[in-house]
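coords_35.cif (mmCIF, C-alpha atoms and all ligand atoms)
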```
data_target
#
loop_
_atom_site.label_atom_id
_atom_site.label_comp_id
_atom_site.auth_asym_id
_atom_site.auth_seq_id
_atom_site.Cartn_x
_atom_site.Cartn_y
_atom_site.Cartn_z
CA MET E 1 -12.80 -10.38 3.67
CA GLU E 2 -9.31 -9.02 4.16
CA ALA E 3 -6.53 -11.56 4.44
CA HIS E 4 -5.83 -10.55 8.03
CA ALA E 5 -9.46 -11.00 9.14
CA GLN E 6 -9.64 -14.31 7.33
CA MET E 7 -6.48 -15.54 9.07
CA LEU E 8 -7.89 -14.53 12.47
CA GLU E 9 -10.85 -16.80 11.83
CA THR E 10 -9.08 -19.74 10.26
CA ASP E 11 -5.56 -19.78 11.72
CA THR E 12 -5.61 -20.51 15.45
CA VAL E 13 -1.86 -20.02 15.86
CA TYR E 14 -2.08 -16.59 14.25
CA ARG E 15 -5.07 -15.72 16.40
CA SER E 16 -3.36 -16.60 19.67
CA ASN E 17 -0.15 -14.83 18.55
CA ARG E 18 -2.19 -11.71 17.82
CA LEU E 19 -3.83 -11.79 21.25
CA ALA E 20 -0.49 -12.22 23.00
CA ILE E 21 1.10 -9.41 20.96
CA GLU E 22 -1.82 -7.12 21.72
CA SER E 23 -1.52 -7.57 25.48
CA PHE E 24 2.27 -7.21 25.35
CA THR E 25 1.81 -3.98 23.37
CA ALA E 26 -0.68 -2.56 25.84
CA ALA E 27 1.69 -3.24 28.75
CA ARG E 28 4.69 -1.87 26.92
CA VAL E 29 2.95 1.31 25.80
CA SER E 30 1.58 2.08 29.27
CA ALA E 31 5.04 1.67 30.86
CA LYS E 32 6.10 5.16 29.77
CA ALA E 33 9.73 5.45 28.70
CA ALA E 34 11.84 8.23 30.20
CA ALA E 35 13.64 9.27 27.02
CA PRO E 36 12.74 9.11 23.35
CA PRO E 37 13.77 5.71 21.99
CA LYS E 38 16.94 5.21 19.99
CA ILE E 39 16.71 5.84 16.25
CA VAL E 40 16.81 2.44 14.58
CA LYS E 41 17.51 1.48 10.98
CA ILE E 42 15.63 -1.41 9.39
CA PRO E 43 17.37 -3.47 6.65
CA VAL E 44 15.06 -3.75 3.68
CA VAL E 45 15.04 -6.10 0.71
CA VAL E 46 12.86 -5.19 -2.25
CA HIS E 47 11.79 -8.09 -4.45
CA VAL E 48 10.89 -6.66 -7.86
CA VAL E 49 8.73 -9.15 -9.76
CA TYR E 50 7.97 -8.29 -13.38
CA ALA E 51 6.37 -9.78 -16.47
CA SER E 52 7.46 -7.13 -18.99
CA ALA E 53 10.57 -4.97 -19.10
CA ALA E 54 8.46 -1.89 -18.33
CA GLU E 55 7.39 -3.50 -15.05
CA ASN E 56 11.00 -4.05 -14.01
CA ILE E 57 11.16 -0.80 -12.06
CA SER E 58 14.49 0.99 -11.77
CA ASP E 59 16.86 1.08 -8.82
CA ALA E 60 16.15 4.82 -8.67
CA GLN E 61 12.42 4.18 -8.23
CA VAL E 62 13.16 1.67 -5.46
CA LYS E 63 15.42 4.19 -3.73
CA SER E 64 12.73 6.87 -4.03
CA GLN E 65 10.49 4.61 -1.94
CA ILE E 66 13.13 4.20 0.77
CA ASP E 67 13.63 7.98 0.82
CA ALA E 68 9.88 8.55 1.21
CA LEU E 69 9.76 6.13 4.15
CA ASN E 70 12.66 7.95 5.78
CA ARG E 71 10.77 11.22 5.54
CA ASP E 72 7.43 9.90 6.78
CA TYR E 73 8.76 7.82 9.69
CA ARG E 74 11.11 10.62 10.83
CA LYS E 75 8.52 13.43 10.55
CA LYS E 76 10.57 15.05 7.84
CA ASN E 77 7.85 14.99 5.16
CA ALA E 78 7.47 18.27 3.28
CA ASP E 79 3.68 18.39 3.81
CA LEU E 80 3.74 18.45 7.64
CA GLY E 81 2.47 22.01 7.42
CA LYS E 82 -0.88 20.73 6.16
CA ILE E 83 -1.72 19.00 9.46
CA PRO E 84 -4.78 20.81 10.87
CA ALA E 85 -3.83 22.94 13.90
CA PRO E 86 -5.74 20.86 16.49
CA PHE E 87 -3.81 17.71 15.46
CA LYS E 88 -0.34 19.24 15.09
CA SER E 89 0.88 18.44 18.60
CA ARG E 90 -0.03 14.77 18.12
CA ALA E 91 2.21 14.28 15.07
CA ALA E 92 5.15 12.01 15.89
CA ASP E 93 8.67 11.23 14.78
CA VAL E 94 8.55 7.43 14.90
CA ARG E 95 12.39 7.36 14.97
CA ILE E 96 12.57 4.43 12.56
CA GLU E 97 14.69 4.62 9.41
CA PHE E 98 15.03 2.24 6.48
CA ALA E 99 17.92 1.27 4.22
CA LEU E 100 18.40 -1.26 1.44
CA ALA E 101 20.32 -4.26 2.76
CA VAL E 102 24.01 -4.49 1.89
CA ARG E 103 24.47 -8.07 3.15
CA ALA E 104 22.37 -10.94 1.81
CA PRO E 105 21.28 -13.94 3.92
CA ASN E 106 24.22 -15.99 2.59
CA GLY E 107 26.68 -13.28 3.68
CA SER E 108 27.45 -11.95 0.23
CA PRO E 109 27.19 -8.28 -0.75
CA THR E 110 23.82 -7.16 -2.15
CA THR E 111 22.08 -4.09 -3.54
CA GLY E 112 19.07 -5.00 -1.38
CA ILE E 113 17.03 -5.49 -4.58
CA THR E 114 16.16 -8.85 -6.15
CA ARG E 115 14.70 -9.04 -9.65
CA THR E 116 12.51 -11.90 -10.83
CA GLN E 117 10.91 -12.31 -14.22
CA THR E 118 7.56 -14.03 -14.07
CA THR E 119 4.85 -15.18 -16.46
CA LYS E 120 2.12 -14.18 -13.98
CA GLN E 121 0.02 -11.17 -14.88
CA GLN E 122 -1.27 -10.74 -11.33
CA PHE E 123 -0.68 -11.91 -7.78
CA ASP E 124 -3.27 -12.93 -5.19
CA SER E 125 -3.20 -11.50 -1.67
CA HIS E 126 -4.84 -14.58 -0.15
CA LYS E 127 -2.52 -17.04 -1.86
CA ASN E 128 0.57 -14.91 -1.20
CA ASP E 129 1.89 -16.27 -4.49
CA ILE E 130 4.31 -13.35 -4.95
CA LYS E 131 6.18 -14.56 -1.85
CA PHE E 132 7.30 -17.89 -3.31
CA ALA E 133 9.58 -18.69 -6.23
CA SER E 134 7.51 -21.83 -6.78
CA THR E 135 4.44 -19.71 -7.63
CA GLY E 136 6.11 -17.12 -9.84
CA GLY E 137 7.40 -14.76 -7.15
CA HIS E 138 10.45 -14.65 -4.91
CA ASP E 139 11.02 -16.32 -1.53
CA ALA E 140 11.28 -14.11 1.54
CA TRP E 141 14.63 -13.39 3.07
CA SER E 142 14.69 -14.19 6.80
CA ARG E 143 12.13 -11.93 8.46
CA ASP E 144 14.32 -11.96 11.56
CA LYS E 145 16.85 -9.82 9.71
CA TYR E 146 14.99 -8.04 6.91
CA LEU E 147 11.80 -6.22 6.13
CA ASN E 148 10.70 -7.93 2.90
CA LEU E 149 8.95 -5.71 0.35
CA TRP E 150 7.56 -7.27 -2.82
CA THR E 151 6.38 -5.24 -5.76
CA ALA E 152 4.62 -6.23 -8.99
CA LYS E 153 2.22 -4.38 -11.23
CA THR E 154 -1.04 -6.07 -10.28
CA ILE E 155 -1.98 -7.27 -6.78
CA VAL E 156 -5.50 -8.61 -6.38
CA ASP E 157 -7.64 -9.56 -3.40
CA PRO E 158 -10.06 -12.17 -4.80
CA GLN E 159 -12.93 -10.63 -2.83
CA VAL E 160 -12.05 -6.93 -3.11
CA GLY E 161 -10.36 -6.53 -6.47
CA ALA E 162 -7.15 -4.64 -7.23
CA LEU E 163 -5.14 -3.54 -4.21
CA LEU E 164 -2.54 -0.86 -3.74
CA GLY E 165 -0.89 -3.17 -1.27
CA TYR E 166 -1.23 -5.48 1.71
CA ALA E 167 0.81 -6.34 4.77
CA GLN E 168 1.28 -9.10 7.32
CA PHE E 169 1.02 -8.10 10.98
CA PRO E 170 3.48 -9.36 13.58
CA GLY E 171 2.48 -12.88 14.65
CA GLY E 172 2.10 -14.46 11.21
CA ALA E 173 4.10 -17.10 9.38
CA ALA E 174 7.77 -16.39 8.61
CA ALA E 175 7.54 -17.43 4.96
CA THR E 176 4.91 -14.78 4.19
CA ASP E 177 6.13 -12.00 6.47
CA GLY E 178 6.41 -8.59 4.83
CA VAL E 179 4.61 -6.13 2.62
CA VAL E 180 3.38 -6.27 -0.99
CA ILE E 181 2.85 -3.09 -3.04
CA THR E 182 1.75 -2.44 -6.58
CA SER E 183 4.58 -1.00 -8.68
CA ASP E 184 2.09 1.67 -9.78
CA GLY E 185 2.15 2.92 -6.18
CA PHE E 186 5.76 2.21 -5.36
CA GLY E 187 8.11 5.15 -4.76
CA THR E 188 7.73 8.62 -6.17
CA GLN E 189 8.89 8.25 -9.79
CA GLY E 190 8.96 5.86 -12.75
CA THR E 191 5.79 3.78 -12.87
CA ALA E 192 4.27 5.42 -9.74
CA GLN E 193 0.92 6.98 -10.68
CA ALA E 194 -0.98 9.84 -9.07
CA PRO E 195 -2.74 9.95 -6.66
CA PHE E 196 -0.55 7.20 -5.17
CA ASN E 197 2.87 8.47 -6.14
CA LEU E 198 4.28 9.75 -2.85
CA GLY E 199 5.31 6.33 -1.55
CA ARG E 200 2.58 6.26 1.06
CA THR E 201 1.15 2.88 0.28
CA ALA E 202 4.40 1.53 1.74
CA THR E 203 4.20 3.97 4.67
CA HIS E 204 0.70 2.61 5.42
CA GLU E 205 1.47 -1.09 4.89
CA ILE E 206 4.71 -0.96 6.88
CA GLY E 207 2.61 0.66 9.61
CA HIS E 208 0.67 -2.63 9.71
CA TRP E 209 3.93 -4.59 9.67
CA PHE E 210 4.81 -2.59 12.83
CA ASN E 211 1.44 -3.59 14.29
CA LEU E 212 -0.56 -0.41 13.57
CA LEU E 213 -4.26 -0.94 12.94
CA HIS E 214 -6.56 1.05 10.67
CA ILE E 215 -7.48 4.33 12.28
CA TRP E 216 -11.23 3.69 11.96
CA GLY E 217 -11.02 0.45 13.99
CA ASP E 218 -12.07 -1.89 11.14
CA ASP E 219 -15.68 -1.94 12.28
CA ALA E 220 -17.26 -1.28 8.88
CA GLY E 221 -18.58 2.15 9.81
CA ALA E 222 -19.68 1.50 13.39
CA CYS E 223 -18.30 3.59 16.22
CA THR E 224 -17.44 0.56 18.33
CA GLY E 225 -14.07 -0.53 16.93
CA SER E 226 -10.73 0.91 17.96
CA ASP E 227 -7.18 1.09 16.67
CA ASN E 228 -6.03 0.69 20.30
CA VAL E 229 -4.28 4.04 20.18
CA PRO E 230 -5.37 6.73 22.65
CA ASP E 231 -4.63 9.85 20.62
CA THR E 232 -6.53 9.10 17.41
CA PRO E 233 -10.22 10.13 17.38
CA ASN E 234 -12.90 7.44 17.26
CA GLN E 235 -13.96 7.43 13.61
CA ALA E 236 -16.67 5.58 11.73
CA ASP E 237 -15.09 4.26 8.55
CA HIS E 238 -12.18 4.73 6.19
CA ASN E 239 -11.98 7.89 4.10
CA PHE E 240 -11.04 7.95 0.44
CA ASN E 241 -9.75 10.63 -1.93
CA LYS E 242 -9.20 14.12 -0.48
CA PRO E 243 -11.65 14.85 2.36
CA VAL E 244 -12.02 18.39 3.65
CA PHE E 245 -11.28 19.14 7.32
CA PRO E 246 -13.22 18.73 9.55
CA HIS E 247 -15.03 15.50 8.70
CA VAL E 248 -17.15 14.62 11.75
CA THR E 249 -18.33 11.04 12.47
CA CYS E 250 -19.09 9.12 15.69
CA GLY E 251 -19.65 12.43 17.46
CA ASN E 252 -15.94 13.21 17.15
CA GLY E 253 -16.44 16.95 16.53
CA PRO E 254 -15.32 19.61 16.35
CA ASN E 255 -12.11 18.22 14.80
CA GLY E 256 -13.59 15.03 13.42
CA ASP E 257 -11.70 12.14 11.80
CA MET E 258 -7.95 12.23 11.62
CA PHE E 259 -8.25 11.29 7.94
CA MET E 260 -4.81 12.79 7.24
CA ASN E 261 -3.28 9.90 9.19
CA TYR E 262 -1.18 7.35 7.26
CA MET E 263 -3.46 4.59 8.58
CA ASP E 264 -6.55 5.92 6.75
CA TYR E 265 -7.21 5.29 3.02
CA VAL E 266 -7.01 8.81 1.58
CA ASP E 267 -4.83 9.84 -1.38
CA ASP E 268 -1.07 10.05 -0.88
CA ASP E 269 -1.13 13.87 -0.92
CA THR E 270 -3.81 13.94 1.79
CA MET E 271 -2.05 11.78 4.42
CA PHE E 272 0.89 13.18 6.36
CA MET E 273 1.13 12.02 9.97
CA PHE E 274 1.49 9.24 12.53
CA THR E 275 0.53 10.11 16.11
CA VAL E 276 2.55 9.81 19.31
CA GLY E 277 0.35 6.86 20.31
CA GLN E 278 0.94 5.09 17.00
CA ALA E 279 4.69 5.66 17.35
CA ALA E 280 4.57 4.04 20.81
CA ARG E 281 2.78 1.00 19.34
CA ALA E 282 5.30 0.65 16.53
CA ARG E 283 8.17 0.98 18.97
CA ALA E 284 6.57 -1.68 21.18
CA ALA E 285 6.66 -4.02 18.17
CA LEU E 286 10.40 -3.37 17.94
CA ASN E 287 10.75 -4.37 21.58
CA GLY E 288 8.66 -7.47 21.04
CA PRO E 289 7.80 -9.39 17.87
CA ARG E 290 10.12 -7.31 15.63
CA ALA E 291 13.04 -7.10 18.10
CA SER E 292 15.37 -9.33 16.07
CA LEU E 293 15.64 -6.62 13.41
CA LEU E 294 17.65 -4.54 15.88
CA THR E 295 20.57 -6.98 15.76
CA SER E 296 20.38 -7.80 12.05
CA ASP E 297 23.65 -7.81 10.11
CA GLY E 298 21.75 -6.84 6.95
CA LEU E 299 23.28 -3.36 6.98
CA THR E 300 26.80 -4.49 7.90
CA LYS E 301 29.04 -4.06 4.89
CA VAL E 302 30.71 -7.19 3.58
CA PRO E 303 34.48 -6.55 3.53
CA SER E 304 35.89 -6.36 0.04
CA THR E 305 37.68 -9.52 -1.02
CA THR E 306 39.01 -8.02 -4.25
CA PRO E 307 42.52 -9.45 -4.62
CA VAL E 308 45.50 -7.17 -5.13
CA VAL E 309 47.22 -8.18 -8.37
CA LEU E 310 50.75 -6.99 -9.06
CA LYS E 311 51.92 -6.22 -12.56
CA LEU E 312 54.77 -8.58 -13.15
CA PRO E 313 58.11 -6.79 -13.19
CA ALA E 314 60.81 -8.35 -15.30
CA SER E 315 63.56 -9.03 -12.78
CA ALA E 316 63.40 -10.93 -9.52
CA ALA E 317 64.79 -7.92 -7.68
CA ALA E 318 62.08 -5.66 -9.12
CA ARG E 319 59.41 -8.18 -8.10
CA GLN E 320 60.71 -8.21 -4.54
CA ALA E 321 60.65 -4.44 -4.43
CA ALA E 322 57.09 -4.38 -5.76
CA LEU E 323 55.96 -6.87 -3.11
CA ALA E 324 57.52 -4.78 -0.39
CA ARG E 325 55.71 -1.71 -1.71
CA GLN E 326 52.36 -3.55 -1.67
CA ALA E 327 53.06 -4.60 1.89
CA ASP E 328 53.74 -0.99 2.80
CA HIS E 329 50.32 -0.14 1.39
CA GLY E 330 48.69 -2.58 3.78
CA ALA E 331 48.13 -5.53 1.46
CA THR E 332 48.22 -8.87 3.22
CA ARG E 333 47.91 -11.26 0.26
CA VAL E 334 49.33 -10.42 -3.15
CA PHE E 335 49.92 -12.28 -6.39
CA ASP E 336 53.59 -12.07 -7.16
CA GLY E 337 53.36 -13.34 -10.69
CA VAL E 338 53.85 -16.94 -9.61
CA GLY E 339 51.54 -17.56 -6.70
CA TRP E 340 49.72 -15.86 -3.82
CA VAL E 341 52.04 -14.75 -1.08
CA THR E 342 51.39 -13.33 2.35
CA VAL E 343 53.10 -10.03 3.01
CA LYS E 344 53.21 -7.93 6.15
CA SER E 345 53.26 -4.17 6.20
CA ALA E 346 56.70 -2.69 6.75
CA ALA E 347 55.00 -0.19 9.02
CA LYS E 348 53.97 -2.97 11.41
CA ALA E 349 56.85 -5.39 11.08
CA THR E 350 60.41 -4.87 9.97
CA GLY E 351 62.04 -7.30 7.60
CA THR E 352 58.86 -7.51 5.52
CA ALA E 353 60.58 -7.77 2.20
CA LYS E 354 62.69 -10.58 3.57
CA THR E 355 59.60 -12.56 4.65
CA ALA E 356 58.13 -12.20 1.21
CA THR E 357 61.41 -13.16 -0.41
CA THR E 358 61.76 -16.27 1.71
CA ARG E 359 58.28 -17.41 0.80
CA ARG E 360 58.88 -16.86 -2.86
CA ARG E 361 61.99 -18.91 -2.77
CA ARG E 362 60.28 -21.73 -1.01
CA ARG E 363 57.53 -21.84 -3.57
CA ARG E 364 59.70 -21.89 -6.57
N1 LIG R 1 -4.40 -1.74 1.57
C1 LIG R 1 -4.87 -0.47 1.10
C2 LIG R 1 -5.44 -0.67 -0.30
O1 LIG R 1 -4.97 -1.53 -1.02
C3 LIG R 1 -3.73 0.52 1.03
C4 LIG R 1 -4.15 1.94 1.05
C5 LIG R 1 -2.97 2.89 0.87
N2 LIG R 1 -3.39 4.24 0.65
C6 LIG R 1 -2.66 5.18 0.00
N3 LIG R 1 -3.12 6.41 -0.12
N4 LIG R 1 -1.52 4.94 -0.52
O2 LIG R 1 -6.36 0.04 -0.70
ZN ZN R 2 -4.37 -1.05 5.64
CA CA R 3 -15.09 2.84 13.45
#
```

Please, can you express the file's structure as structure tokens?
Amino acid sequence: MEAHAQMLETDTVYRSNRLAIESFTAARVSAKAAAPPKIVKIPVVVHVVYASAAENISDAQVKSQIDALNRDYRKKNADLGKIPAPFKSRAADVRIEFALAVRAPNGSPTTGITRTQTTKQQFDSHKNDIKFASTGGHDAWSRDKYLNLWTAKTIVDPQVGALLGYAQFPGGAAATDGVVITSDGFGTQGTAQAPFNLGRTATHEIGHWFNLLHIWGDDAGACTGSDNVPDTPNQADHNFNKPVFPHVTCGNGPNGDMFMNYMDYVDDDTMFMFTVGQAARARAALNGPRASLLTSDGLTKVPSTTPVVLKLPASAAARQAALARQADHGATRVFDGVGWVTVKSAAKATGTAKTATTRRRRRR
């Protein structure tokens, strides 16, 4: 059983959260907005967890994943032209962008990438062991401010086997909130392997994180389940590999399954769209259970605290002149060769050099 289905059966808090989120989403989606929603940018932290140096994927590979997300969620993907004609008008710009965080939870500057060496050869999607330092992974950063992505070479569901990835829907526990992706399917370069090397495992899993359901309705091939989106066809089961259009199930002809949707299971080069209805669901999540991301400071640059250090001129007069020059350049605190002094720009205040001089005298 998938982790999500298992949690619905065993975790009553999760179950009631999911029901509440579902009815909120339905109300939100039916209250049609007048204008397209604002473009929002989600701060992302990528936790790279590796056993060998080869598994420690490069910054460039991480960035290639962010770039792929920014194409897919903004309808800027190069393969849009492959959408079959009858589905073209349903393809949506979700108006969500992603960027690596520049401010860590403790307020310090960050690359938005953490790196953790581990002795574990694989991580378990039911145990969520990659999400905790105590079990060989890395702890989540606050889900209120960041989308947490974890990547390691091997991710295993104990009942299914190796996974490309898995996600937690809105409504789950904070400590495990986010998305896990195999490094063999992460980004578009480095260790990413065809046919999962277009970054679309993350596109799919982050779809879940934004509350999107599988397009076939998770009903194991019946025609009774739904993804609760009005503009995706009713479809029997997931599709794998590279199906040929049209693939008719559940009497959904003539166009058949929308297998080229990111929320199916086809190869990366065979999926290329979200629908307008899916975009509305994802946006509803941003107005509900994911709303705190909109006011995150994760993308607010930390001001540089690099001190200005003066070379020490020989004479006292030369030192004074140098201080005055620094002040003119906007420095507020400089090291004058003896101690840190506060200087004010001559442009803002007159008598700057005098202020600095007075302080220096006092400190001597
Ligand atoms: N959770 C799914 C799996 O592990 C992800 C499928 C992603 N599909 C893709 N073409 N990237 O199989
Ligand atoms: Zn899925
Ligand atoms: Ca179905």

- Message: When you count all atoms listed in the file, which of these residues is closest to Ala322 (chain E): E:Val343, E:Gln65, E:Thr111, E:Pro230?
- Response: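 Closest to Ala322 (chain E), using all atoms listed in the file: E:Val343.
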
Could you pull out the residues sitting within 10 Å of ligand ZN 2 (chain R), using all atoms listed in the file, and write them as a PDB file with C-alpha atoms, in the coordinates of the input?
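Written out: pocket07.pdb:
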```pdb
ATOM      1  CA  GLU E   2      -9.310  -9.020   4.160  1.00  0.00           C
ATOM      2  CA  HIS E   4      -5.830 -10.550   8.030  1.00  0.00           C
ATOM      3  CA  LEU E 164      -2.540  -0.860  -3.740  1.00  0.00           C
ATOM      4  CA  GLY E 165      -0.890  -3.170  -1.270  1.00  0.00           C
ATOM      5  CA  TYR E 166      -1.230  -5.480   1.710  1.00  0.00           C
ATOM      6  CA  ALA E 167       0.810  -6.340   4.770  1.00  0.00           C
ATOM      7  CA  GLN E 168       1.280  -9.100   7.320  1.00  0.00           C
ATOM      8  CA  THR E 201       1.150   2.880   0.280  1.00  0.00           C
ATOM      9  CA  ALA E 202       4.400   1.530   1.740  1.00  0.00           C
ATOM     10  CA  THR E 203       4.200   3.970   4.670  1.00  0.00           C
ATOM     11  CA  HIS E 204       0.700   2.610   5.420  1.00  0.00           C
ATOM     12  CA  GLU E 205       1.470  -1.090   4.890  1.00  0.00           C
ATOM     13  CA  ILE E 206       4.710  -0.960   6.880  1.00  0.00           C
ATOM     14  CA  GLY E 207       2.610   0.660   9.610  1.00  0.00           C
ATOM     15  CA  HIS E 208       0.670  -2.630   9.710  1.00  0.00           C
ATOM     16  CA  TRP E 209       3.930  -4.590   9.670  1.00  0.00           C
ATOM     17  CA  LEU E 212      -0.560  -0.410  13.570  1.00  0.00           C
ATOM     18  CA  LEU E 213      -4.260  -0.940  12.940  1.00  0.00           C
ATOM     19  CA  HIS E 214      -6.560   1.050  10.670  1.00  0.00           C
ATOM     20  CA  ILE E 215      -7.480   4.330  12.280  1.00  0.00           C
ATOM     21  CA  ASP E 218     -12.070  -1.890  11.140  1.00  0.00           C
ATOM     22  CA  HIS E 238     -12.180   4.730   6.190  1.00  0.00           C
ATOM     23  CA  TYR E 262      -1.180   7.350   7.260  1.00  0.00           C
ATOM     24  CA  MET E 263      -3.460   4.590   8.580  1.00  0.00           C
ATOM     25  CA  ASP E 264      -6.550   5.920   6.750  1.00  0.00           C
ATOM     26  CA  TYR E 265      -7.210   5.290   3.020  1.00  0.00           C
TER      27      TYR E 265
END
```

- Message: Using all atoms listed in the file, can you tell me which of E:Asn70, E:Thr119, E:Gln61, E:Asn234 comes closest to Ala133 (chain E)?
- Response: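 For Ala133 (chain E), the nearest of the candidates is E:Thr119.
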
- Message: If we count all atoms listed in the file and set the cut-off at 8 Å, which residues sit around region 82-96 of chain E, ignoring sequence neighbours fewer than 4 positions away in its own chain? Please answer as a PyMOL selection string.
- Response: chain E and resi 37-42+70+73-75+231+245+255+258+260+272-276+279-280+282-283

Convert the current residue selection to file output with C-alpha atoms, as a CSV table (one decimal), keeping the file's coordinate frame.
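Once everything was written out, this is out_33.csv:
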```
chain,number,residue,atom,x,y,z
E,37,PRO,CA,13.8,5.7,22.0
E,38,LYS,CA,16.9,5.2,20.0
E,39,ILE,CA,16.7,5.8,16.2
E,40,VAL,CA,16.8,2.4,14.6
E,41,LYS,CA,17.5,1.5,11.0
E,42,ILE,CA,15.6,-1.4,9.4
E,70,ASN,CA,12.7,8.0,5.8
E,73,TYR,CA,8.8,7.8,9.7
E,74,ARG,CA,11.1,10.6,10.8
E,75,LYS,CA,8.5,13.4,10.6
E,231,ASP,CA,-4.6,9.8,20.6
E,245,PHE,CA,-11.3,19.1,7.3
E,255,ASN,CA,-12.1,18.2,14.8
E,258,MET,CA,-8.0,12.2,11.6
E,260,MET,CA,-4.8,12.8,7.2
E,272,PHE,CA,0.9,13.2,6.4
E,273,MET,CA,1.1,12.0,10.0
E,274,PHE,CA,1.5,9.2,12.5
E,275,THR,CA,0.5,10.1,16.1
E,276,VAL,CA,2.6,9.8,19.3
E,279,ALA,CA,4.7,5.7,17.4
E,280,ALA,CA,4.6,4.0,20.8
E,282,ALA,CA,5.3,0.6,16.5
E,283,ARG,CA,8.2,1.0,19.0
```

Residues contacting ligand CA 3 (chain R) - anything with an atom at most 12 Å away, using only C-alpha atoms and all ligand atoms - can you give me those as a short mmCIF file (atom, residue, chain, number, x, y, z; two decimals) with C-alpha atoms, keeping the file's coordinate frame?
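Final file, part.cif:
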```
data_model
loop_
_atom_site.label_atom_id
_atom_site.label_comp_id
_atom_site.auth_asym_id
_atom_site.auth_seq_id
_atom_site.Cartn_x
_atom_site.Cartn_y
_atom_site.Cartn_z
CA LEU E 213 -4.26 -0.94 12.94
CA HIS E 214 -6.56 1.05 10.67
CA ILE E 215 -7.48 4.33 12.28
CA TRP E 216 -11.23 3.69 11.96
CA GLY E 217 -11.02 0.45 13.99
CA ASP E 218 -12.07 -1.89 11.14
CA ASP E 219 -15.68 -1.94 12.28
CA ALA E 220 -17.26 -1.28 8.88
CA GLY E 221 -18.58 2.15 9.81
CA ALA E 222 -19.68 1.50 13.39
CA CYS E 223 -18.30 3.59 16.22
CA THR E 224 -17.44 0.56 18.33
CA GLY E 225 -14.07 -0.53 16.93
CA SER E 226 -10.73 0.91 17.96
CA ASP E 227 -7.18 1.09 16.67
CA ASN E 228 -6.03 0.69 20.30
CA THR E 232 -6.53 9.10 17.41
CA PRO E 233 -10.22 10.13 17.38
CA ASN E 234 -12.90 7.44 17.26
CA GLN E 235 -13.96 7.43 13.61
CA ALA E 236 -16.67 5.58 11.73
CA ASP E 237 -15.09 4.26 8.55
CA HIS E 238 -12.18 4.73 6.19
CA ASN E 239 -11.98 7.89 4.10
CA THR E 249 -18.33 11.04 12.47
CA CYS E 250 -19.09 9.12 15.69
CA GLY E 251 -19.65 12.43 17.46
CA ASN E 252 -15.94 13.21 17.15
CA ASP E 257 -11.70 12.14 11.80
CA MET E 258 -7.95 12.23 11.62
CA ASP E 264 -6.55 5.92 6.75
#
```

- Item | Among the residues E:Ala175, E:Val29, E:Ala194, E:Ile57, the one that comes closest to ligand LIG 1 (chain R) [using all atoms listed in the file] |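 Nearest to ligand LIG 1 (chain R): E:Ala194.
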
- Message: Could you check the closest approach to Thr300 (chain E) for each of E:Ala152, E:Ala104, E:Val229, E:Ala174 and tell me which residue wins, using only C-alpha atoms?
- Response: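 Closest to Thr300 (chain E) of all the choices is E:Ala104.
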
- Message: Just the number, please: distance in Å from CA of Thr118 (chain E) to CA of His47 (chain E), one decimal.
- Response: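 Spanning CA of Thr118 (chain E) to CA of His47 (chain E) is a straight-line distance of 12.1 Å.
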
- Could you check which of E:Gly185, E:Pro158, E:Pro246, E:Gly298 is closest to ligand LIG 1 (chain R), using only C-alpha atoms and all ligand atoms?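 Of all the options, E:Gly185 lies closest to ligand LIG 1 (chain R).
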
- Do you know which residues lie at most 12 Å from (-6.3, -16.7, 12.6), with coordinates as in the file and all atoms listed in the file counted, and could you write them as a list in words?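 All residues meeting the 12 Å criterion around (-6.3, -16.7, 12.6) are Glu2, Ala3, His4, Ala5, Gln6, Met7, Leu8, Glu9, Thr10, Asp11, Thr12, Val13, Tyr14, Arg15, Ser16, Asn17, Arg18, Leu19, Gln168, Phe169, Gly171, Gly172 and Ala173 of chain E.
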
Can you write just those residues out, C-alpha atoms, as a compact mmCIF listing (two decimals), in the coordinates of the input?
```
# COMPACT_ATOMS: atom_id res chain seq x y z
CA GLU E 2 -9.31 -9.02 4.16
CA ALA E 3 -6.53 -11.56 4.44
CA HIS E 4 -5.83 -10.55 8.03
CA ALA E 5 -9.46 -11.00 9.14
CA GLN E 6 -9.64 -14.31 7.33
CA MET E 7 -6.48 -15.54 9.07
CA LEU E 8 -7.89 -14.53 12.47
CA GLU E 9 -10.85 -16.80 11.83
CA THR E 10 -9.08 -19.74 10.26
CA ASP E 11 -5.56 -19.78 11.72
CA THR E 12 -5.61 -20.51 15.45
CA VAL E 13 -1.86 -20.02 15.86
CA TYR E 14 -2.08 -16.59 14.25
CA ARG E 15 -5.07 -15.72 16.40
CA SER E 16 -3.36 -16.60 19.67
CA ASN E 17 -0.15 -14.83 18.55
CA ARG E 18 -2.19 -11.71 17.82
CA LEU E 19 -3.83 -11.79 21.25
CA GLN E 168 1.28 -9.10 7.32
CA PHE E 169 1.02 -8.10 10.98
CA GLY E 171 2.48 -12.88 14.65
CA GLY E 172 2.10 -14.46 11.21
CA ALA E 173 4.10 -17.10 9.38
```

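Among the candidates E:Lys76, E:Arg200, E:His247, E:Arg28, the one nearest to ligand LIG 1 (chain R) when counting only C-alpha atoms and all ligand atoms is E:Arg200.
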
- Would you work out the distance separating CA of Lys120 (chain E) from CA of Asp59 (chain E), expressed in Å to one decimal?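 About the pair CA of Lys120 (chain E) and CA of Asp59 (chain E): they are 21.8 Å apart.
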
- Neighbourhood query: residues within 9 Å of (2.8, -9.5, 1.9), file coordinates, counting all atoms listed in the file; return as a count of residues only. 17

Would you compute an axis-aligned box for region 44-56 of chain E, covering every atom listed for it in the file with 4 Å of margin on each side, and report centre and edge lengths in Å to one decimal as JSON?
```
{"center_x": 10.7, "center_y": -5.8, "center_z": -7.7, "size_x": 16.7, "size_y": 15.9, "size_z": 30.8}
```
